[in-house]
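Novice: First, the structure itself, so that you have it in front of you.
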Amino acid sequence: MTVSGALTILMYALAPFLGLILGALAVLIGVQLIARLRGYRALQYRCLGANLAALAVGLSGLWWIPLFTHSRLSYVATVFDWAAMIGAVIGLAIAAWLVLHPLSYLVRRPRYVSMQDSR
């Protein structure tokens with residue numbers, strides 16, 4: 001199979017989900033951009049709640065990814081199937097963290113203290 005043939009098959013497989021993919025990408029870029037403009041830095045800000053929520057979203061993928069693909073978890077039988085499933089769960093957790101971590105910064109970021117409050 002040629003590269004263009006593989007890309008054609010991939011586009012036909014992704015076509016029904018293109019709206020969801022573009023919407024998720026818009027949310028990811030929007031939240032990251034707004035948070036970074038307001039001072040968010042990923043390595044400086046700590047939020048255990050966002051980390052645990054991203055982990056929970058990733059692990060929830062074990063339940064809903066097979067439902068989304070009209071499959072069952074019992075069909076995941078070979079090493080390659082489990083590698084694909086674990087890769088999807090890890091990717092889902094990373095994507096959730098990339099949205100939830102800066103979003104928690106925007107919600108919980110320290111407010112500026114006025115000069116009257118500092119006395």
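Residues are referred to by chain and number: the chain letter is A, B, ... according to the order shown in the structure tokens, the number counts from 1 in that chain, and ligands are numbered separately from 1 in the order shown.
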Just want the 12 Å neighbourhood of A:Tyr105, counted on only C-alpha atoms, with same-chain residues fewer than 2 positions away dropped. Output as a PyMOL selection string.

Specialist: chain A and resi 31-32+34-42+44-50+97-103+107-111

Novice: Write the residues of the preceding selection, restricted to N, CA, C and O atoms, as a short mmCIF file (atom, residue, chain, number, x, y, z; two decimals), in the first residue's frame.

Specialist:
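The resulting file, again.cif, is shown below:
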```cif
data_model
loop_
_atom_site.label_atom_id
_atom_site.label_comp_id
_atom_site.auth_asym_id
_atom_site.auth_seq_id
_atom_site.Cartn_x
_atom_site.Cartn_y
_atom_site.Cartn_z
N VAL A 31 -7.90 27.60 25.48
CA VAL A 31 -7.58 27.60 26.91
C VAL A 31 -6.10 27.85 27.13
O VAL A 31 -5.71 28.64 28.01
N GLN A 32 -5.25 27.20 26.34
CA GLN A 32 -3.80 27.41 26.49
C GLN A 32 -3.43 28.87 26.20
O GLN A 32 -2.64 29.47 26.94
N ILE A 34 -5.34 31.68 26.30
CA ILE A 34 -5.86 32.61 27.32
C ILE A 34 -5.06 32.48 28.61
O ILE A 34 -4.69 33.48 29.23
N ALA A 35 -4.76 31.25 29.04
CA ALA A 35 -4.01 31.06 30.28
C ALA A 35 -2.59 31.61 30.17
O ALA A 35 -2.09 32.24 31.09
N ARG A 36 -1.95 31.38 29.04
CA ARG A 36 -0.58 31.88 28.88
C ARG A 36 -0.53 33.40 28.82
O ARG A 36 0.42 34.01 29.30
N LEU A 37 -1.56 34.01 28.24
CA LEU A 37 -1.60 35.47 28.23
C LEU A 37 -1.81 36.04 29.63
O LEU A 37 -1.44 37.19 29.89
N ARG A 38 -2.38 35.25 30.52
CA ARG A 38 -2.60 35.70 31.90
C ARG A 38 -1.54 35.21 32.87
O ARG A 38 -1.73 35.27 34.08
N GLY A 39 -0.43 34.68 32.37
CA GLY A 39 0.70 34.35 33.24
C GLY A 39 0.88 32.88 33.57
O GLY A 39 1.71 32.54 34.40
N TYR A 40 0.16 31.99 32.95
CA TYR A 40 0.27 30.55 33.24
C TYR A 40 1.58 30.00 32.70
O TYR A 40 1.97 30.26 31.58
N ARG A 41 2.27 29.25 33.54
CA ARG A 41 3.46 28.50 33.14
C ARG A 41 3.29 27.09 33.68
O ARG A 41 3.11 26.88 34.88
N ALA A 42 3.37 26.10 32.81
CA ALA A 42 3.06 24.72 33.16
C ALA A 42 3.96 24.16 34.25
O ALA A 42 3.50 23.42 35.12
N GLN A 44 5.57 25.87 36.58
CA GLN A 44 5.56 26.65 37.81
C GLN A 44 4.27 26.49 38.60
O GLN A 44 4.26 26.65 39.81
N TYR A 45 3.18 26.19 37.92
CA TYR A 45 1.88 26.10 38.57
C TYR A 45 1.60 24.65 38.95
O TYR A 45 1.78 23.74 38.15
N ARG A 46 1.16 24.43 40.18
CA ARG A 46 0.84 23.08 40.66
C ARG A 46 -0.63 23.01 41.04
O ARG A 46 -1.13 23.89 41.74
N CYS A 47 -1.30 21.97 40.57
CA CYS A 47 -2.70 21.74 40.95
C CYS A 47 -2.95 20.24 40.97
O CYS A 47 -3.06 19.60 39.92
N LEU A 48 -3.03 19.68 42.16
CA LEU A 48 -3.25 18.25 42.31
C LEU A 48 -4.61 17.84 41.76
O LEU A 48 -4.74 16.77 41.16
N GLY A 49 -5.60 18.69 41.91
CA GLY A 49 -6.94 18.37 41.41
C GLY A 49 -6.97 18.20 39.90
O GLY A 49 -7.61 17.28 39.38
N ALA A 50 -6.27 19.06 39.18
CA ALA A 50 -6.21 18.94 37.72
C ALA A 50 -5.46 17.68 37.31
O ALA A 50 -5.85 17.01 36.35
N TRP A 97 -5.10 16.73 30.51
CA TRP A 97 -4.24 17.55 31.36
C TRP A 97 -3.92 18.88 30.68
O TRP A 97 -3.87 19.93 31.34
N LEU A 98 -3.72 18.84 29.36
CA LEU A 98 -3.41 20.08 28.63
C LEU A 98 -4.58 21.06 28.65
O LEU A 98 -4.37 22.26 28.45
N VAL A 99 -5.79 20.59 28.88
CA VAL A 99 -6.94 21.48 28.99
C VAL A 99 -7.23 21.82 30.45
O VAL A 99 -7.44 22.99 30.79
N LEU A 100 -7.22 20.82 31.33
CA LEU A 100 -7.64 21.04 32.72
C LEU A 100 -6.62 21.82 33.55
O LEU A 100 -7.00 22.60 34.42
N HIS A 101 -5.34 21.61 33.31
CA HIS A 101 -4.32 22.29 34.11
C HIS A 101 -4.35 23.81 33.92
O HIS A 101 -4.43 24.56 34.89
N PRO A 102 -4.32 24.33 32.67
CA PRO A 102 -4.42 25.79 32.53
C PRO A 102 -5.81 26.31 32.89
O PRO A 102 -5.95 27.44 33.36
N LEU A 103 -6.85 25.49 32.71
CA LEU A 103 -8.19 25.91 33.10
C LEU A 103 -8.29 26.08 34.61
O LEU A 103 -8.90 27.03 35.10
N VAL A 107 -9.16 29.52 36.84
CA VAL A 107 -10.19 29.56 37.87
C VAL A 107 -9.60 29.91 39.23
O VAL A 107 -10.17 30.69 39.98
N ARG A 108 -8.41 29.39 39.55
CA ARG A 108 -7.84 29.53 40.88
C ARG A 108 -6.68 30.52 40.97
O ARG A 108 -6.09 30.66 42.03
N ARG A 109 -6.34 31.18 39.89
CA ARG A 109 -5.14 32.03 39.91
C ARG A 109 -5.26 33.10 40.99
O ARG A 109 -6.35 33.60 41.28
N PRO A 110 -4.15 33.47 41.59
CA PRO A 110 -4.19 34.47 42.64
C PRO A 110 -4.63 35.83 42.10
O PRO A 110 -4.19 36.26 41.05
N ARG A 111 -5.51 36.44 42.80
CA ARG A 111 -6.01 37.77 42.41
C ARG A 111 -4.99 38.81 42.84
O ARG A 111 -4.24 38.66 43.80
#
```

Novice: Determine, for each residue of stretch 92-111 of chain A having at least one atom at most 7 Å from an atom of stretch 54-71 of chain A, the closest pair of atoms and their separation in Å to one decimal, counting only C-alpha atoms; order by chain and ascending number, as JSON lines.

Specialist:
```
{"residue": "A:Leu92", "atom": "CA", "partner": "A:Gly58", "partner_atom": "CA", "distance": 5.1}
{"residue": "A:Ala93", "atom": "CA", "partner": "A:Gly58", "partner_atom": "CA", "distance": 4.0}
{"residue": "A:Ala96", "atom": "CA", "partner": "A:Ala54", "partner_atom": "CA", "distance": 5.1}
{"residue": "A:Trp97", "atom": "CA", "partner": "A:Ala54", "partner_atom": "CA", "distance": 5.0}
```

Novice: So the first atom is atom CA of A:Asn51 and the second is atom CA of A:Gly23; what is the distance between them in Å, to one decimal place?

Specialist: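 It comes out at 22.5 Å.
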
Novice: As a VMD selection string, please: every residue in chain A that a backbone DSSP assignment puts in helix (DSSP H, G or I).

Specialist: chain A and resid 3 to 37 48 to 68 73 to 75 79 to 108
